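J.: First the structure, then my questions, so here it is.
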Amino acid sequence: MFPGAAAARADAAYALVGAPLDASTSFEPGARFGPDRVRRYAEAFDDYDHRTDRHFSELSVYDHGDIGPTADTEEYLTYLRGTCGDLREEGAVPLLVGGEHTVTVAGVRAADPDVFVCLDAHLDLRESYAGDPLSHATVTRHALDVADRAVVLGARTGSEAEWERASEADVTVVDPADVADWEPDFDADESAYLSVDIDGFDPAYAPGTGTKEPFGIEPREGRRVVREVAPHAAGFDVVEVNDRDDGQAAVLAAKLLRAFVYSHAADR
Amino acid sequence: MATKQVEVRDLDEGSYVMIDDVPCTINAYSTAKPGKHGSAKARVEAEGVFDGKKRNLSQPVDAKIRVPIINRKQGQVVSTSGGDEAQVMDLETFDTFTLALPDGVSMEPDDEIEYLEMESQRKIV
């Protein structure tokens, strides 16, 4: 169980769902250990958040446990989307913990947002990667099947075709150097979905991830984005944490998940 | 109620299942492994055959579940009220009964139809 996430499902305002998918990981594997690592490295946190004057354990967070993948990723995403949809209907905001970034597709389909906001080193606008249309490198493209537009913060690499796709009006790319100054520009009636791919951060801070990319976001800047988007968000995920470091990626992921919950709850 | 028992793993999209004692058509069937050592779980998204309401269930794939026995039958329109109902005669038993027309469909006398029947519930397809 994620520390402090002791609420019963029936009382949940937030529902953490572990999604240890590690199928299309193209470089260093281990995203399947992400949910375990994130729960483990959240152990050391204080329950109390001074900024919002709230105790995490009093915010009705429920840990649904992990939903393990089967061999068929599309079917797995259907299952995951269905579970997140059930939780939303029951009044809880889903908090997915990956797993590779592909699990975001299920979270986005369940939340049906207007805007997809993502912290990520990669554009993830490929139609397929290595012959796989559900690769972790296709997530933003899939999200745009649901959302009207996407904002990718911290993106610093992609194929030529991806950069071309990113130049269209429905995609906003924010360079890592500009993340500190970015402000959400949502209309009052727009709902958002926030996805944190931990590789958006500089690999010096989050080395435990499958596809590291230098010159990334600073943790404090990423946390500000999480805090500012949270009140608009119908769903959240943090993905691509693996077990190949000393817990730096997992502890950052866990802290950002908590930052999301505190900020979302403070706005309720 | 006429049902038979199957395992959850035998269900498939397009087939029927009983959820909350209501016969439903399955729209989506997916499986996932819930934990490291748990058995696989299936998730079924369905809607009521006769009431159209959405219903879901999550069960281990080896759980037993009931499937309704729904007959697909032929009928002929005898008369229409001009509204959203028709008098229909079953072409095997010659029983006559009133059926609601699907939205946006109009029928004329002598039109042949197919309908689903489960005990006293019927629906034009």
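Following the order of the structure tokens, first chain is A, next is B, and so on, with residues numbered from 1 inside each chain and ligands from 1 in the order they appear.
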Run DSSP on the backbone of this structure and report the residues of chain B it assigns to strand (DSSP E), as a VMD selection string.
T.: chain B and resid 3 to 7 16 to 19 22 to 32 41 to 48 54 to 60 64 to 68 71 to 80 85 to 90 96 to 100 112 to 118 121 to 124
J.: Quick one: contact table of range 159-178 of chain A to range 106-122 of chain A, 12 Å max, nearest atom pair and distance in Å to one decimal per residue, counting only C-alpha atoms, chain and number order, as a Markdown table?
T.:
| residue | atom | partner | partner_atom | distance |
| --- | --- | --- | --- | --- |
| A:Ser159 | CA | A:His122 | CA | 9.4 |
| A:Glu162 | CA | A:His122 | CA | 9.5 |
| A:Trp163 | CA | A:His122 | CA | 10.3 |
| A:Ala166 | CA | A:His122 | CA | 11.2 |
| A:Asp170 | CA | A:Val115 | CA | 9.5 |
| A:Val171 | CA | A:Phe116 | CA | 9.4 |
| A:Thr172 | CA | A:Val117 | CA | 9.4 |
| A:Val173 | CA | A:Cys118 | CA | 9.7 |
| A:Val174 | CA | A:Leu119 | CA | 9.4 |
| A:Asp175 | CA | A:Ala121 | CA | 9.4 |
| A:Pro176 | CA | A:Ala121 | CA | 8.5 |
J.: Please produce, as CSV, a per-residue contact table for chain B versus chain A (criterion: any atom at most 12 Å away, only C-alpha atoms considered), showing the nearest atom pair and its distance in Å to one decimal, sorted by chain then residue number.
T.:
residue,atom,partner,partner_atom,distance
B:Asn27,CA,A:Thr78,CA,11.3
B:Ala28,CA,A:Thr78,CA,7.9
B:Tyr29,CA,A:Tyr79,CA,7.9
B:Ser30,CA,A:Tyr79,CA,5.3
B:Thr31,CA,A:Tyr79,CA,6.3
B:Ala32,CA,A:Pro69,CA,5.4
B:Lys33,CA,A:Gly68,CA,4.3
B:Pro34,CA,A:Ile67,CA,4.4
B:Gly35,CA,A:Gly68,CA,5.8
B:Lys36,CA,A:Gly68,CA,7.4
B:His37,CA,A:Gly68,CA,10.0
B:Gly38,CA,A:Gly68,CA,9.5
B:Ser39,CA,A:Gly68,CA,10.3
B:Ala40,CA,A:Thr70,CA,8.6
B:Lys41,CA,A:Ile67,CA,9.2
B:Ala42,CA,A:Tyr79,CA,7.9
B:Arg43,CA,A:Tyr79,CA,6.2
B:Val44,CA,A:Tyr79,CA,8.6
B:Glu45,CA,A:Gly82,CA,7.9
B:Ala46,CA,A:Gly82,CA,11.4
B:Lys54,CA,A:Asp86,CA,11.6
B:Arg55,CA,A:Asp86,CA,10.4
B:Asn56,CA,A:Asp86,CA,8.5
B:Leu57,CA,A:Asp86,CA,9.9
B:Ser58,CA,A:Thr83,CA,8.9
B:Gln59,CA,A:Tyr79,CA,11.9
J.: Using only C-alpha atoms, determine which residues lie at most 10 Å from Tyr48 in chain A, disregarding the query and same-chain residues fewer than 5 positions distant; provide the list as a PyMOL selection string.
T.: chain A and resi 53-58+262
J.: Fewer than 3 positions away in the same chain doesn't count, so skip those; otherwise give me all residues within 7 Å of Tyr16 in chain B, counting only C-alpha atoms, as JSON, numbers by chain.
T.: {"B": [23, 24, 25, 26, 67, 68]}
J.: If you count only C-alpha atoms, which residues fall within 10 Å of Val125 in chain B, apart from same-chain ones fewer than 4 positions away, as a VMD selection string?
T.: chain B and resid 72 to 73 101 to 102 113 to 116
J.: Kindly export the residues of the current selection with N, CA, C and O atoms, as a short mmCIF file (atom, residue, chain, number, x, y, z; two decimals), in the first residue's frame.
T.:
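See part_37.cif below for the written result:
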data_model
loop_
_atom_site.label_atom_id
_atom_site.label_comp_id
_atom_site.auth_asym_id
_atom_site.auth_seq_id
_atom_site.Cartn_x
_atom_site.Cartn_y
_atom_site.Cartn_z
N ARG B 72 -33.71 -16.07 -30.40
CA ARG B 72 -33.91 -15.13 -31.51
C ARG B 72 -35.02 -15.71 -32.38
O ARG B 72 -34.91 -16.84 -32.86
N LYS B 73 -36.11 -14.98 -32.55
CA LYS B 73 -37.28 -15.54 -33.23
C LYS B 73 -37.75 -14.64 -34.37
O LYS B 73 -37.40 -13.47 -34.43
N LEU B 101 -41.18 -0.38 -30.78
CA LEU B 101 -40.31 -0.26 -31.96
C LEU B 101 -39.00 0.39 -31.54
O LEU B 101 -38.99 1.29 -30.69
N PRO B 102 -37.88 -0.03 -32.15
CA PRO B 102 -36.62 0.67 -31.88
C PRO B 102 -36.74 2.13 -32.31
O PRO B 102 -37.52 2.46 -33.22
N ILE B 113 -39.99 -9.36 -38.98
CA ILE B 113 -38.98 -8.86 -38.06
C ILE B 113 -38.29 -10.03 -37.35
O ILE B 113 -38.78 -11.16 -37.38
N GLU B 114 -37.16 -9.71 -36.71
CA GLU B 114 -36.54 -10.66 -35.78
C GLU B 114 -36.65 -10.04 -34.40
O GLU B 114 -36.52 -8.83 -34.25
N TYR B 115 -36.90 -10.89 -33.42
CA TYR B 115 -36.92 -10.35 -32.06
C TYR B 115 -36.27 -11.31 -31.10
O TYR B 115 -36.13 -12.51 -31.37
N LEU B 116 -35.80 -10.73 -29.98
CA LEU B 116 -35.21 -11.53 -28.91
C LEU B 116 -36.28 -11.81 -27.86
O LEU B 116 -37.09 -10.94 -27.55
#
J.: Near range 76-85 of chain B, within 9 Å and counting only C-alpha atoms, which residues show up once chain neighbours fewer than 2 positions away are dropped, as a list of chain:residue names?
T.: B:Gln74, B:Gln87, B:Val88, B:Met89, B:Asp90, B:Leu91, B:Thr96, B:Thr98, B:Leu99, B:Ala100, B:Leu101, B:Pro102, B:Asp103, B:Gly104, B:Val105, B:Ser106, B:Met107, B:Glu108, B:Pro109, B:Asp110, B:Asp111, B:Glu112, B:Ile113, B:Glu114
J.: If we count only C-alpha atoms, what is near range 199-211 of chain A at a cut-off of 10 Å, once residues fewer than 5 positions away on the same chain are taken out, given as JSON, numbers by chain?
T.: {"A": [22, 25, 26, 27, 28, 29, 30, 31, 34, 100, 118, 119, 120, 121, 122, 152, 153, 154, 155, 156, 176, 216, 217, 218, 219, 220, 221, 222, 239, 240, 241, 242, 243, 244, 245, 246, 247, 248, 249, 250, 251, 252, 253]}
J.: Of the candidates B:Val49, B:Ile65, B:Ala86, B:Ile70, which shows the shortest atom-to-atom distance to Val22 in chain B, using only C-alpha atoms?
T.: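 Of the candidates, the smallest distance to Val22 in chain B is held by B:Val49.
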J.: Assign secondary structure with DSSP using the backbone only, and return the residues of range 69-251 of chain A in helix (DSSP H, G or I) as an mmCIF file with N, CA and C atoms, in the first residue's frame.
T.:
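Contents of part.cif, as written:
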data_model
loop_
_atom_site.group_PDB
_atom_site.id
_atom_site.type_symbol
_atom_site.label_atom_id
_atom_site.label_comp_id
_atom_site.auth_asym_id
_atom_site.auth_seq_id
_atom_site.Cartn_x
_atom_site.Cartn_y
_atom_site.Cartn_z
ATOM 1 N N THR A 73 -1.345 -6.139 -24.965
ATOM 2 C CA THR A 73 -1.328 -4.790 -24.384
ATOM 3 C C THR A 73 -2.630 -4.044 -24.628
ATOM 4 N N GLU A 74 -3.202 -4.191 -25.820
ATOM 5 C CA GLU A 74 -4.462 -3.491 -26.104
ATOM 6 C C GLU A 74 -5.549 -3.943 -25.132
ATOM 7 N N GLU A 75 -5.613 -5.249 -24.898
ATOM 8 C CA GLU A 75 -6.619 -5.769 -23.974
ATOM 9 C C GLU A 75 -6.343 -5.286 -22.548
ATOM 10 N N TYR A 76 -5.067 -5.242 -22.205
ATOM 11 C CA TYR A 76 -4.683 -4.737 -20.879
ATOM 12 C C TYR A 76 -5.130 -3.281 -20.698
ATOM 13 N N LEU A 77 -4.939 -2.485 -21.751
ATOM 14 C CA LEU A 77 -5.350 -1.082 -21.674
ATOM 15 C C LEU A 77 -6.863 -0.956 -21.542
ATOM 16 N N THR A 78 -7.588 -1.866 -22.195
ATOM 17 C CA THR A 78 -9.051 -1.886 -22.049
ATOM 18 C C THR A 78 -9.431 -2.146 -20.595
ATOM 19 N N TYR A 79 -8.742 -3.102 -19.992
ATOM 20 C CA TYR A 79 -9.026 -3.445 -18.589
ATOM 21 C C TYR A 79 -8.729 -2.253 -17.682
ATOM 22 N N LEU A 80 -7.568 -1.675 -17.915
ATOM 23 C CA LEU A 80 -7.119 -0.556 -17.091
ATOM 24 C C LEU A 80 -8.041 0.657 -17.267
ATOM 25 N N ARG A 81 -8.396 0.921 -18.517
ATOM 26 C CA ARG A 81 -9.323 2.023 -18.795
ATOM 27 C C ARG A 81 -10.654 1.789 -18.086
ATOM 28 N N GLY A 82 -11.113 0.553 -18.124
ATOM 29 C CA GLY A 82 -12.380 0.216 -17.473
ATOM 30 C C GLY A 82 -12.309 0.417 -15.967
ATOM 31 N N THR A 83 -11.209 -0.032 -15.364
ATOM 32 C CA THR A 83 -11.063 0.114 -13.912
ATOM 33 C C THR A 83 -10.986 1.591 -13.529
ATOM 34 N N CYS A 84 -10.196 2.363 -14.274
ATOM 35 C CA CYS A 84 -10.107 3.805 -13.986
ATOM 36 C C CYS A 84 -11.480 4.460 -14.178
ATOM 37 N N GLY A 85 -12.219 4.021 -15.190
ATOM 38 C CA GLY A 85 -13.565 4.562 -15.427
ATOM 39 C C GLY A 85 -14.506 4.243 -14.273
ATOM 40 N N ASP A 86 -14.427 3.005 -13.770
ATOM 41 C CA ASP A 86 -15.256 2.630 -12.609
ATOM 42 C C ASP A 86 -14.939 3.533 -11.429
ATOM 43 N N LEU A 87 -13.638 3.732 -11.185
ATOM 44 C CA LEU A 87 -13.223 4.536 -10.030
ATOM 45 C C LEU A 87 -13.722 5.973 -10.175
ATOM 46 N N ARG A 88 -13.647 6.495 -11.396
ATOM 47 C CA ARG A 88 -14.133 7.858 -11.634
ATOM 48 C C ARG A 88 -15.643 7.943 -11.373
ATOM 49 N N GLU A 89 -16.374 6.930 -11.853
ATOM 50 C CA GLU A 89 -17.825 6.939 -11.628
ATOM 51 C C GLU A 89 -18.161 6.871 -10.150
ATOM 52 N N VAL A 103 0.732 3.053 -20.337
ATOM 53 C CA VAL A 103 -0.445 2.942 -19.453
ATOM 54 C C VAL A 103 -1.240 4.247 -19.409
ATOM 55 N N THR A 104 -0.577 5.350 -19.741
ATOM 56 C CA THR A 104 -1.260 6.651 -19.786
ATOM 57 C C THR A 104 -2.446 6.621 -20.750
ATOM 58 N N VAL A 105 -2.312 5.854 -21.820
ATOM 59 C CA VAL A 105 -3.383 5.785 -22.828
ATOM 60 C C VAL A 105 -4.695 5.357 -22.154
ATOM 61 N N ALA A 106 -4.597 4.411 -21.228
ATOM 62 C CA ALA A 106 -5.799 3.957 -20.514
ATOM 63 C C ALA A 106 -6.338 5.057 -19.606
ATOM 64 N N GLY A 107 -5.435 5.753 -18.910
ATOM 65 C CA GLY A 107 -5.862 6.820 -18.009
ATOM 66 C C GLY A 107 -6.548 7.948 -18.754
ATOM 67 N N VAL A 108 -5.991 8.296 -19.918
ATOM 68 C CA VAL A 108 -6.567 9.385 -20.719
ATOM 69 C C VAL A 108 -7.930 8.967 -21.271
ATOM 70 N N ARG A 109 -8.019 7.741 -21.762
ATOM 71 C CA ARG A 109 -9.306 7.288 -22.308
ATOM 72 C C ARG A 109 -10.387 7.287 -21.229
ATOM 73 N N ALA A 110 -10.006 6.953 -20.001
ATOM 74 C CA ALA A 110 -10.998 6.929 -18.916
ATOM 75 C C ALA A 110 -11.409 8.341 -18.508
ATOM 76 N N ALA A 111 -10.462 9.274 -18.525
ATOM 77 C CA ALA A 111 -10.746 10.626 -18.021
ATOM 78 C C ALA A 111 -11.369 11.523 -19.092
ATOM 79 N N HIS A 136 5.667 2.805 -25.966
ATOM 80 C CA HIS A 136 5.727 3.946 -25.038
ATOM 81 C C HIS A 136 6.094 5.242 -25.760
ATOM 82 N N ALA A 137 6.533 5.141 -27.016
ATOM 83 C CA ALA A 137 6.894 6.336 -27.791
ATOM 84 C C ALA A 137 5.712 6.890 -28.604
ATOM 85 N N THR A 138 4.493 6.387 -28.374
ATOM 86 C CA THR A 138 3.311 6.811 -29.147
ATOM 87 C C THR A 138 2.253 7.487 -28.281
ATOM 88 N N VAL A 139 2.571 7.745 -27.020
ATOM 89 C CA VAL A 139 1.537 8.088 -26.038
ATOM 90 C C VAL A 139 0.830 9.403 -26.352
ATOM 91 N N THR A 140 1.601 10.444 -26.694
ATOM 92 C CA THR A 140 0.958 11.735 -26.959
ATOM 93 C C THR A 140 0.027 11.626 -28.166
ATOM 94 N N ARG A 141 0.447 10.856 -29.159
ATOM 95 C CA ARG A 141 -0.404 10.677 -30.338
ATOM 96 C C ARG A 141 -1.731 10.017 -29.953
ATOM 97 N N HIS A 142 -1.662 8.986 -29.126
ATOM 98 C CA HIS A 142 -2.898 8.345 -28.664
ATOM 99 C C HIS A 142 -3.729 9.308 -27.819
ATOM 100 N N ALA A 143 -3.063 10.099 -26.990
ATOM 101 C CA ALA A 143 -3.796 11.041 -26.133
ATOM 102 C C ALA A 143 -4.566 12.044 -26.995
ATOM 103 N N GLU A 160 12.318 13.418 -36.767
ATOM 104 C CA GLU A 160 11.965 14.568 -37.613
ATOM 105 C C GLU A 160 10.441 14.626 -37.822
ATOM 106 N N ALA A 161 9.845 13.450 -38.050
ATOM 107 C CA ALA A 161 8.394 13.409 -38.277
ATOM 108 C C ALA A 161 7.639 13.837 -37.026
ATOM 109 N N GLU A 162 8.158 13.481 -35.870
ATOM 110 C CA GLU A 162 7.492 13.890 -34.624
ATOM 111 C C GLU A 162 7.549 15.410 -34.439
ATOM 112 N N TRP A 163 8.697 16.011 -34.732
ATOM 113 C CA TRP A 163 8.801 17.471 -34.614
ATOM 114 C C TRP A 163 7.870 18.158 -35.603
ATOM 115 N N GLU A 164 7.698 17.559 -36.778
ATOM 116 C CA GLU A 164 6.740 18.122 -37.743
ATOM 117 C C GLU A 164 5.325 18.055 -37.194
ATOM 118 N N ARG A 165 4.983 16.885 -36.625
ATOM 119 C CA ARG A 165 3.641 16.728 -36.032
ATOM 120 C C ARG A 165 3.463 17.718 -34.879
ATOM 121 N N ALA A 166 4.550 17.929 -34.129
ATOM 122 C CA ALA A 166 4.492 18.825 -32.959
ATOM 123 C C ALA A 166 4.297 20.279 -33.364
ATOM 124 N N PRO A 176 12.712 22.575 -22.022
ATOM 125 C CA PRO A 176 13.035 22.480 -20.589
ATOM 126 C C PRO A 176 13.407 23.825 -19.968
ATOM 127 N N ALA A 177 14.104 24.651 -20.734
ATOM 128 C CA ALA A 177 14.530 25.951 -20.194
ATOM 129 C C ALA A 177 13.360 26.884 -19.940
ATOM 130 N N ASP A 178 12.212 26.614 -20.578
ATOM 131 C CA ASP A 178 11.050 27.511 -20.443
ATOM 132 C C ASP A 178 9.980 26.983 -19.489
ATOM 133 N N VAL A 179 10.225 25.792 -18.947
ATOM 134 C CA VAL A 179 9.201 25.187 -18.080
ATOM 135 C C VAL A 179 8.950 26.058 -16.850
ATOM 136 N N ALA A 180 10.007 26.685 -16.346
ATOM 137 C CA ALA A 180 9.866 27.500 -15.127
ATOM 138 C C ALA A 180 8.885 28.648 -15.330
ATOM 139 N N ASP A 181 8.762 29.125 -16.566
ATOM 140 C CA ASP A 181 7.901 30.283 -16.829
ATOM 141 C C ASP A 181 6.533 29.894 -17.380
ATOM 142 N N ILE A 198 8.769 10.345 -15.806
ATOM 143 C CA ILE A 198 9.865 10.780 -14.941
ATOM 144 C C ILE A 198 11.122 11.123 -15.757
ATOM 145 N N ASP A 199 11.188 10.653 -17.017
ATOM 146 C CA ASP A 199 12.364 11.003 -17.821
ATOM 147 C C ASP A 199 12.320 12.443 -18.328
ATOM 148 N N GLY A 200 11.208 13.148 -18.067
ATOM 149 C CA GLY A 200 11.181 14.576 -18.354
ATOM 150 C C GLY A 200 12.193 15.333 -17.504
ATOM 151 N N PRO A 219 13.641 19.423 -10.775
ATOM 152 C CA PRO A 219 12.520 18.918 -9.960
ATOM 153 C C PRO A 219 11.602 20.016 -9.429
ATOM 154 N N ARG A 220 12.151 21.121 -8.965
ATOM 155 C CA ARG A 220 11.320 22.172 -8.388
ATOM 156 C C ARG A 220 10.387 22.779 -9.451
ATOM 157 N N GLU A 221 10.899 22.879 -10.682
ATOM 158 C CA GLU A 221 10.080 23.431 -11.773
ATOM 159 C C GLU A 221 8.955 22.462 -12.148
ATOM 160 N N GLY A 222 9.281 21.190 -12.166
ATOM 161 C CA GLY A 222 8.263 20.181 -12.478
ATOM 162 C C GLY A 222 7.189 20.124 -11.414
ATOM 163 N N ARG A 223 7.623 20.277 -10.168
ATOM 164 C CA ARG A 223 6.654 20.256 -9.068
ATOM 165 C C ARG A 223 5.683 21.437 -9.171
ATOM 166 N N ARG A 224 6.182 22.576 -9.601
ATOM 167 C CA ARG A 224 5.297 23.744 -9.765
ATOM 168 C C ARG A 224 4.235 23.451 -10.827
ATOM 169 N N VAL A 225 4.654 22.806 -11.922
ATOM 170 C CA VAL A 225 3.691 22.444 -12.967
ATOM 171 C C VAL A 225 2.623 21.511 -12.383
ATOM 172 N N VAL A 226 3.065 20.515 -11.631
ATOM 173 C CA VAL A 226 2.117 19.569 -11.036
ATOM 174 C C VAL A 226 1.127 20.312 -10.143
ATOM 175 N N ARG A 227 1.653 21.199 -9.313
ATOM 176 C CA ARG A 227 0.770 21.934 -8.392
ATOM 177 C C ARG A 227 -0.227 22.815 -9.146
ATOM 178 N N GLU A 228 0.207 23.398 -10.237
ATOM 179 C CA GLU A 228 -0.677 24.331 -10.943
ATOM 180 C C GLU A 228 -1.702 23.617 -11.823
ATOM 181 N N VAL A 229 -1.343 22.470 -12.355
ATOM 182 C CA VAL A 229 -2.275 21.736 -13.227
ATOM 183 C C VAL A 229 -3.261 20.910 -12.396
ATOM 184 N N ALA A 230 -2.836 20.465 -11.222
ATOM 185 C CA ALA A 230 -3.657 19.550 -10.409
ATOM 186 C C ALA A 230 -5.109 20.008 -10.238
ATOM 187 N N PRO A 231 -5.366 21.272 -9.911
ATOM 188 C CA PRO A 231 -6.774 21.651 -9.699
ATOM 189 C C PRO A 231 -7.659 21.479 -10.940
ATOM 190 N N HIS A 232 -7.046 21.443 -12.125
ATOM 191 C CA HIS A 232 -7.815 21.301 -13.371
ATOM 192 C C HIS A 232 -7.910 19.840 -13.822
ATOM 193 N N GLN A 248 16.247 7.416 -6.544
ATOM 194 C CA GLN A 248 16.042 8.839 -6.868
ATOM 195 C C GLN A 248 14.792 9.047 -7.718
ATOM 196 N N ALA A 249 14.623 8.241 -8.766
ATOM 197 C CA ALA A 249 13.458 8.402 -9.650
ATOM 198 C C ALA A 249 12.168 8.100 -8.890
ATOM 199 N N ALA A 250 12.192 7.041 -8.078
ATOM 200 C CA ALA A 250 10.979 6.632 -7.358
ATOM 201 C C ALA A 250 10.578 7.670 -6.316
ATOM 202 N N VAL A 251 11.568 8.233 -5.616
ATOM 203 C CA VAL A 251 11.210 9.172 -4.554
ATOM 204 C C VAL A 251 10.675 10.473 -5.160
#
J.: When you draw a straight line from CA of Asp197 in chain A to CA of Pro35 in chain A, how long is it in Å?
T.: 13.5 Å
J.: Interatomic distance between CA of Trp182 in chain A and CA of Ser195 in chain A?
T.: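 Separation between CA of Trp182 in chain A and CA of Ser195 in chain A: 16.1 Å.
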